[in-house]
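The file upload.pdb comes next; it holds PDB, C-alpha atoms and all ligand atoms.
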```pdb
ATOM      1  CA  MET A  19      88.939 113.801  35.737  1.00  0.00           C
ATOM      2  CA  GLY A  20      91.016 116.900  36.400  1.00  0.00           C
ATOM      3  CA  SER A  21      91.945 119.549  38.907  1.00  0.00           C
ATOM      4  CA  TRP A  22      92.400 123.263  39.372  1.00  0.00           C
ATOM      5  CA  VAL A  23      95.952 124.504  38.918  1.00  0.00           C
ATOM      6  CA  GLU A  24      96.434 128.159  39.825  1.00  0.00           C
ATOM      7  CA  GLY A  25      92.841 128.912  38.966  1.00  0.00           C
ATOM      8  CA  VAL A  26      92.862 127.049  35.645  1.00  0.00           C
ATOM      9  CA  TRP A  27      91.101 123.708  35.146  1.00  0.00           C
ATOM     10  CA  ARG A  28      93.440 120.985  33.895  1.00  0.00           C
ATOM     11  CA  TRP A  29      91.842 117.864  32.415  1.00  0.00           C
ATOM     12  CA  LYS A  30      93.404 114.613  33.489  1.00  0.00           C
ATOM     13  CA  LEU A  31      91.459 111.642  32.241  1.00  0.00           C
ATOM     14  CA  SER A  32      92.374 108.096  33.177  1.00  0.00           C
ATOM     15  CA  TRP A  33      91.395 105.190  30.951  1.00  0.00           C
ATOM     16  CA  MET A  34      90.496 101.608  31.709  1.00  0.00           C
ATOM     17  CA  ARG A  35      92.789 100.338  28.961  1.00  0.00           C
ATOM     18  CA  GLU A  36      95.115 101.421  26.164  1.00  0.00           C
ATOM     19  CA  TRP A  37      93.328 102.935  23.162  1.00  0.00           C
ATOM     20  CA  PHE A  38      92.935 101.030  19.976  1.00  0.00           C
ATOM     21  CA  VAL A  39      94.394 102.701  16.888  1.00  0.00           C
ATOM     22  CA  TRP A  40      90.916 103.604  15.644  1.00  0.00           C
ATOM     23  CA  GLU A  41      90.200 105.324  18.931  1.00  0.00           C
ATOM     24  CA  ARG A  42      93.107 107.770  18.815  1.00  0.00           C
ATOM     25  CA  ASN A  43      91.286 110.238  16.571  1.00  0.00           C
ATOM     26  CA  LEU A  44      88.231 109.989  18.777  1.00  0.00           C
ATOM     27  CA  VAL A  45      90.306 110.844  21.827  1.00  0.00           C
ATOM     28  CA  ASP A  46      91.941 113.756  19.986  1.00  0.00           C
ATOM     29  CA  ASN A  47      88.508 115.006  18.980  1.00  0.00           C
ATOM     30  CA  LEU A  48      87.338 114.700  22.550  1.00  0.00           C
ATOM     31  CA  PHE A  49      90.201 116.841  23.831  1.00  0.00           C
ATOM     32  CA  GLN A  50      89.692 119.345  21.038  1.00  0.00           C
ATOM     33  CA  SER A  51      86.069 119.692  22.037  1.00  0.00           C
ATOM     34  CA  PHE A  52      87.248 120.555  25.559  1.00  0.00           C
ATOM     35  CA  HIS A  53      89.040 123.624  24.220  1.00  0.00           C
ATOM     36  CA  HIS A  54      85.682 125.260  23.573  1.00  0.00           C
ATOM     37  CA  ILE A  55      84.507 124.705  27.115  1.00  0.00           C
ATOM     38  CA  SER A  56      85.349 127.198  29.784  1.00  0.00           C
ATOM     39  CA  ILE A  57      85.187 125.649  33.246  1.00  0.00           C
ATOM     40  CA  GLN A  58      84.025 128.124  35.873  1.00  0.00           C
ATOM     41  CA  HIS A  59      85.102 127.620  39.452  1.00  0.00           C
ATOM     42  CA  GLU A  60      82.005 129.067  41.049  1.00  0.00           C
ATOM     43  CA  GLU A  61      79.267 127.729  38.759  1.00  0.00           C
ATOM     44  CA  ARG A  62      77.280 124.514  39.086  1.00  0.00           C
ATOM     45  CA  ASP A  63      77.558 121.944  36.288  1.00  0.00           C
ATOM     46  CA  SER A  64      74.650 121.793  33.851  1.00  0.00           C
ATOM     47  CA  LEU A  65      73.758 120.089  30.571  1.00  0.00           C
ATOM     48  CA  SER A  66      73.797 122.194  27.414  1.00  0.00           C
ATOM     49  CA  TRP A  67      72.909 121.349  23.791  1.00  0.00           C
ATOM     50  CA  LEU A  68      75.780 122.829  21.771  1.00  0.00           C
ATOM     51  CA  MET A  69      73.774 122.973  18.543  1.00  0.00           C
ATOM     52  CA  ASP A  70      71.501 125.634  19.956  1.00  0.00           C
ATOM     53  CA  GLN A  71      72.518 129.108  21.077  1.00  0.00           C
ATOM     54  CA  LEU A  72      70.381 128.803  24.190  1.00  0.00           C
ATOM     55  CA  GLY A  73      71.727 125.340  24.898  1.00  0.00           C
ATOM     56  CA  LEU A  74      68.275 123.766  24.532  1.00  0.00           C
ATOM     57  CA  CYS A  75      67.741 120.610  22.506  1.00  0.00           C
ATOM     58  CA  SER A  76      64.808 120.411  20.096  1.00  0.00           C
ATOM     59  CA  VAL A  77      63.844 118.251  17.124  1.00  0.00           C
ATOM     60  CA  LYS A  78      64.449 121.236  14.841  1.00  0.00           C
ATOM     61  CA  SER A  79      67.969 121.899  16.133  1.00  0.00           C
ATOM     62  CA  ALA A  80      68.806 118.179  16.022  1.00  0.00           C
ATOM     63  CA  TYR A  81      67.617 117.985  12.393  1.00  0.00           C
ATOM     64  CA  GLU A  82      69.650 121.061  11.455  1.00  0.00           C
ATOM     65  CA  ALA A  83      72.691 119.574  13.185  1.00  0.00           C
ATOM     66  CA  VAL A  84      72.376 116.389  11.137  1.00  0.00           C
ATOM     67  CA  VAL A  85      71.993 118.321   7.874  1.00  0.00           C
ATOM     68  CA  THR A  86      74.733 120.829   8.687  1.00  0.00           C
ATOM     69  CA  HIS A  87      77.216 118.204   9.734  1.00  0.00           C
ATOM     70  CA  ASN A  88      76.546 116.186   6.613  1.00  0.00           C
ATOM     71  CA  VAL A  89      76.025 112.730   8.054  1.00  0.00           C
ATOM     72  CA  ASP A  90      77.664 110.276   5.676  1.00  0.00           C
ATOM     73  CA  CYS A  91      74.600 108.760   4.026  1.00  0.00           C
ATOM     74  CA  GLN A  92      76.599 106.378   1.854  1.00  0.00           C
ATOM     75  CA  ARG A  93      78.273 104.926   4.903  1.00  0.00           C
ATOM     76  CA  VAL A  94      74.970 104.579   6.693  1.00  0.00           C
ATOM     77  CA  GLU A  95      73.527 102.854   3.635  1.00  0.00           C
ATOM     78  CA  ILE A  96      76.416 100.397   3.473  1.00  0.00           C
ATOM     79  CA  LEU A  97      76.174  99.496   7.139  1.00  0.00           C
ATOM     80  CA  ASP A  98      72.413  99.204   6.844  1.00  0.00           C
ATOM     81  CA  ASN A  99      72.733  96.895   3.876  1.00  0.00           C
ATOM     82  CA  ILE A 100      75.395  94.810   5.558  1.00  0.00           C
ATOM     83  CA  TRP A 101      72.949  93.899   8.285  1.00  0.00           C
ATOM     84  CA  ASN A 102      70.170  93.184   5.778  1.00  0.00           C
ATOM     85  CA  LEU A 103      72.187  90.794   3.660  1.00  0.00           C
ATOM     86  CA  LYS A 104      71.022  87.214   3.949  1.00  0.00           C
ATOM     87  CA  LEU A 105      74.271  85.845   5.332  1.00  0.00           C
ATOM     88  CA  PRO A 106      75.220  83.897   8.436  1.00  0.00           C
ATOM     89  CA  SER A 107      75.082  86.432  11.243  1.00  0.00           C
ATOM     90  CA  LYS A 108      78.768  85.917  12.033  1.00  0.00           C
ATOM     91  CA  VAL A 109      79.576  87.079   8.477  1.00  0.00           C
ATOM     92  CA  ASN A 110      77.356  90.159   8.789  1.00  0.00           C
ATOM     93  CA  PHE A 111      79.079  90.967  12.038  1.00  0.00           C
ATOM     94  CA  PHE A 112      82.529  90.447  10.565  1.00  0.00           C
ATOM     95  CA  LEU A 113      81.808  92.713   7.580  1.00  0.00           C
ATOM     96  CA  TRP A 114      80.433  95.374   9.871  1.00  0.00           C
ATOM     97  CA  ARG A 115      83.668  95.227  11.870  1.00  0.00           C
ATOM     98  CA  VAL A 116      85.696  95.642   8.674  1.00  0.00           C
ATOM     99  CA  PHE A 117      83.790  98.793   7.776  1.00  0.00           C
ATOM    100  CA  ILE A 118      84.113 100.360  11.187  1.00  0.00           C
ATOM    101  CA  LYS A 119      87.683  99.054  11.656  1.00  0.00           C
ATOM    102  CA  ARG A 120      86.991  97.010  14.742  1.00  0.00           C
ATOM    103  CA  LEU A 121      89.054  93.916  14.015  1.00  0.00           C
ATOM    104  CA  PRO A 122      92.053  92.858  16.105  1.00  0.00           C
ATOM    105  CA  SER A 123      94.493  93.560  13.282  1.00  0.00           C
ATOM    106  CA  MET A 124      98.203  93.511  14.014  1.00  0.00           C
ATOM    107  CA  ASP A 125      98.527  97.286  14.114  1.00  0.00           C
ATOM    108  CA  ASN A 126      96.019  97.330  16.928  1.00  0.00           C
ATOM    109  CA  LEU A 127      97.609  94.409  18.769  1.00  0.00           C
ATOM    110  CA  LEU A 128     100.976  96.136  18.413  1.00  0.00           C
ATOM    111  CA  TRP A 129      99.545  99.343  19.765  1.00  0.00           C
ATOM    112  CA  ARG A 130      98.155  97.505  22.792  1.00  0.00           C
ATOM    113  CA  HIS A 131     101.453  95.631  23.295  1.00  0.00           C
ATOM    114  CA  ILE A 132      99.691  92.295  22.800  1.00  0.00           C
ATOM    115  CA  VAL A 133     102.187  91.755  19.998  1.00  0.00           C
ATOM    116  CA  VAL A 134     105.486  93.230  21.108  1.00  0.00           C
ATOM    117  CA  ARG A 135     107.722  92.995  18.083  1.00  0.00           C
ATOM    118  CA  GLU A 136     106.941  94.749  14.837  1.00  0.00           C
ATOM    119  CA  ASN A 137     108.464  91.981  12.760  1.00  0.00           C
ATOM    120  CA  LYS A 138     105.852  89.631  14.255  1.00  0.00           C
ATOM    121  CA  ALA A 139     103.080  91.931  13.088  1.00  0.00           C
ATOM    122  CA  LEU A 140     103.794  91.949   9.381  1.00  0.00           C
ATOM    123  CA  CYS A 141     101.157  91.141   6.795  1.00  0.00           C
ATOM    124  CA  MET A 142     100.742  87.378   6.582  1.00  0.00           C
ATOM    125  CA  PHE A 143     100.393  87.572   2.801  1.00  0.00           C
ATOM    126  CA  CYS A 144     103.265  89.779   1.647  1.00  0.00           C
ATOM    127  CA  GLY A 145     105.298  90.171   4.866  1.00  0.00           C
ATOM    128  CA  GLU A 146     106.316  93.673   3.843  1.00  0.00           C
ATOM    129  CA  VAL A 147     104.334  96.011   6.079  1.00  0.00           C
ATOM    130  CA  VAL A 148     102.557  95.883   9.427  1.00  0.00           C
ATOM    131  CA  GLU A 149      99.134  94.358   8.964  1.00  0.00           C
ATOM    132  CA  ASP A 150      96.159  96.674   9.187  1.00  0.00           C
ATOM    133  CA  ILE A 151      92.604  96.293   7.964  1.00  0.00           C
ATOM    134  CA  ASN A 152      92.951  98.356   4.800  1.00  0.00           C
ATOM    135  CA  HIS A 153      96.148  96.592   3.837  1.00  0.00           C
ATOM    136  CA  ASP A 154      94.825  93.114   4.611  1.00  0.00           C
ATOM    137  CA  PHE A 155      91.681  93.396   2.554  1.00  0.00           C
ATOM    138  CA  PHE A 156      92.441  95.959  -0.119  1.00  0.00           C
ATOM    139  CA  SER A 157      95.971  97.209  -0.672  1.00  0.00           C
ATOM    140  CA  CYS A 158      98.158  94.127  -0.162  1.00  0.00           C
ATOM    141  CA  LYS A 159      99.593  93.200  -3.532  1.00  0.00           C
ATOM    142  CA  ARG A 160      98.570  89.577  -2.964  1.00  0.00           C
ATOM    143  CA  ILE A 161      94.962  90.544  -2.260  1.00  0.00           C
ATOM    144  CA  ASP A 162      94.786  93.161  -4.965  1.00  0.00           C
ATOM    145  CA  GLY A 163      95.147  90.344  -7.480  1.00  0.00           C
ATOM    146  CA  ILE A 164      91.831  88.868  -6.338  1.00  0.00           C
ATOM    147  CA  TRP A 165      89.995  92.136  -6.879  1.00  0.00           C
ATOM    148  CA  MET A 166      91.675  92.583 -10.252  1.00  0.00           C
ATOM    149  CA  PHE A 167      90.539  89.096 -11.191  1.00  0.00           C
ATOM    150  CA  PHE A 168      86.920  90.236 -10.857  1.00  0.00           C
ATOM    151  CA  LEU A 169      87.602  93.323 -12.948  1.00  0.00           C
ATOM    152  CA  HIS A 170      89.384  91.435 -15.670  1.00  0.00           C
ATOM    153  CA  GLY A 171      86.568  88.896 -15.700  1.00  0.00           C
ATOM    154  CA  MET A 172      84.257  91.711 -16.687  1.00  0.00           C
ATOM    155  CA  SER A 173      86.797  93.196 -19.130  1.00  0.00           C
ATOM    156  CA  LEU A 174      87.166  96.206 -16.863  1.00  0.00           C
ATOM    157  CA  SER A 175      90.288  98.054 -15.866  1.00  0.00           C
ATOM    158  CA  SER A 176      90.680 100.357 -12.909  1.00  0.00           C
ATOM    159  CA  ALA A 177      92.728 101.083  -9.824  1.00  0.00           C
ATOM    160  CA  LEU A 178      90.735 100.296  -6.701  1.00  0.00           C
ATOM    161  CA  PRO A 179      90.704 102.371  -3.514  1.00  0.00           C
ATOM    162  CA  HIS A 180      92.478 101.038  -0.442  1.00  0.00           C
ATOM    163  CA  GLU A 181      89.718 101.710   2.022  1.00  0.00           C
ATOM    164  CA  ALA A 182      86.607  99.595   2.638  1.00  0.00           C
ATOM    165  CA  GLU A 183      83.862 102.077   1.912  1.00  0.00           C
ATOM    166  CA  HIS A 184      85.334 103.532  -1.265  1.00  0.00           C
ATOM    167  CA  HIS A 185      86.532 100.147  -2.383  1.00  0.00           C
ATOM    168  CA  TYR A 186      83.082  98.718  -2.018  1.00  0.00           C
ATOM    169  CA  TRP A 187      81.373 101.493  -3.951  1.00  0.00           C
ATOM    170  CA  GLN A 188      83.869 101.414  -6.782  1.00  0.00           C
ATOM    171  CA  HIS A 189      83.672  97.641  -6.984  1.00  0.00           C
ATOM    172  CA  VAL A 190      79.901  97.697  -7.255  1.00  0.00           C
ATOM    173  CA  LEU A 191      79.607 100.737  -9.475  1.00  0.00           C
ATOM    174  CA  LEU A 192      82.198  99.463 -11.877  1.00  0.00           C
ATOM    175  CA  HIS A 193      80.077  96.439 -12.416  1.00  0.00           C
ATOM    176  CA  ASP A 194      77.111  98.685 -13.015  1.00  0.00           C
ATOM    177  CA  LEU A 195      74.991  96.742 -10.613  1.00  0.00           C
ATOM    178  CA  VAL A 196      74.053  99.144  -7.904  1.00  0.00           C
ATOM    179  CA  LYS A 197      70.798  97.539  -6.846  1.00  0.00           C
ATOM    180  CA  LYS A 198      70.654  96.472  -3.255  1.00  0.00           C
ATOM    181  CA  ASN A 199      71.191  92.785  -2.776  1.00  0.00           C
ATOM    182  CA  SER A 200      72.653  92.450  -6.255  1.00  0.00           C
ATOM    183  CA  ARG A 201      75.032  89.555  -6.586  1.00  0.00           C
ATOM    184  CA  TRP A 202      77.975  91.919  -6.482  1.00  0.00           C
ATOM    185  CA  TRP A 203      77.144  92.717  -2.911  1.00  0.00           C
ATOM    186  CA  TYR A 204      77.632  89.047  -2.224  1.00  0.00           C
ATOM    187  CA  VAL A 205      80.779  88.691  -4.319  1.00  0.00           C
ATOM    188  CA  TRP A 206      82.377  91.561  -2.485  1.00  0.00           C
ATOM    189  CA  CYS A 207      81.258  90.300   0.935  1.00  0.00           C
ATOM    190  CA  ALA A 208      82.266  86.710   0.201  1.00  0.00           C
ATOM    191  CA  THR A 209      85.729  87.838  -0.890  1.00  0.00           C
ATOM    192  CA  ILE A 210      86.238  89.806   2.306  1.00  0.00           C
ATOM    193  CA  TRP A 211      85.071  86.853   4.368  1.00  0.00           C
ATOM    194  CA  VAL A 212      87.325  84.368   2.602  1.00  0.00           C
ATOM    195  CA  VAL A 213      90.375  86.629   2.794  1.00  0.00           C
TER     196      VAL A 213
HETATM  197 ZN    ZN B 301     100.472  92.434   2.488  1.00  0.00          ZN
END
```
Please re-express this file's structure in structure tokens.
Amino acid sequence: MGSWVEGVWRWKLSWMREWFVWERNLVDNLFQSFHHISIQHEERDSLSWLMDQLGLCSVKSAYEAVVTHNVDCQRVEILDNIWNLKLPSKVNFFLWRVFIKRLPSMDNLLWRHIVVRENKALCMFCGEVVEDINHDFFSCKRIDGIWMFFLHGMSLSSALPHEAEHHYWQHVLLHDLVKKNSRWWYVWCATIWVV
């Protein structure tokens, strides 16, 4: 966990495994949050709610924290809808993992040394860059053609984002069918599943 070095607390965390790529930012955020904490040698540990000046948690302070920190409602709505779609549960689960970037893509396997050589981790479609979730489903030039096919079918023209959440919204909004459970939900989800 850490130790005192000449009167200053030094964090030293040990981990059960290597981090996934998506976890690196979380770890950085964790260490950044430590900078605001002053460890006192003589004081007992205690729990404190950081969103309140007195360190006390209340419904009011929790609500204000949610509003102040601008919880991403669109993302919550997408994830909520993913689970409500009438699909085989394995498909719901897969889509959810795409959105939260929890698939064993090559960039992650490379990072964990499960795949050792970078040239073994290239995109299986274009073979030009290391595979990652955004590339696999959205930005690969081979996959982009599928999404463009849908647009052209509706006589639409647009560049599509290379990230799941934004890609989804643009795909649906462009087709002007924003109702939940519209067929474009299913077209988008089916395409991701098939890819
Ligand atoms: Zn590719």
Output check: residues returned by the PyMOL selection byres (((chain A and resi 128-144) around 12) and not hetatm), as an NGL selection string: :A and (35-42 or 122-127 or 145-163 or 213)
Where does the PyMOL selection byres (((chain A and resi 25-28) around 12) and not hetatm) land in this file, that is, which residues does it pick, as a PyMOL selection string? chain A and resi 19-24+29-31+49+52-53+55-60
The centre and edge lengths of an axis-aligned box containing all atoms of range 118-124 of chain A present in the file, extended by 8 Å on each side, are to be given in Å to one decimal, as AutoDock Vina command-line options.
```
--center_x 91.2 --center_y 96.6 --center_z 13.6 --size_x 30.1 --size_y 23.5 --size_z 20.9
```
Given the file shown, enumerate the residues that the PyMOL selection byres (((chain A and resi 207) around 12) and not hetatm) captures and present them as a PyMOL selection string. chain A and resi 96+99-101+103-106+109-114+116-117+155+165+182+185-186+189-190+199-206+208-213
Can you list, as a PyMOL selection string, every protein, DNA or RNA residue that comes within 10 Å of Ser176 in chain A when you count only C-alpha atoms, leaving out same-chain residues fewer than 6 positions away? chain A and resi 166+169-170+188-189+192
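Of note, CA of Phe168 in chain A and CA of Lys119 in chain A are spaced 24.2 Å apart.
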Correct to one decimal, the distance CA of Leu97 in chain A-CA of Asn47 in chain A is 23.1 Å
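The coordinates place CA of Val45 in chain A at 18.8 Å from CA of Leu68 in chain A.
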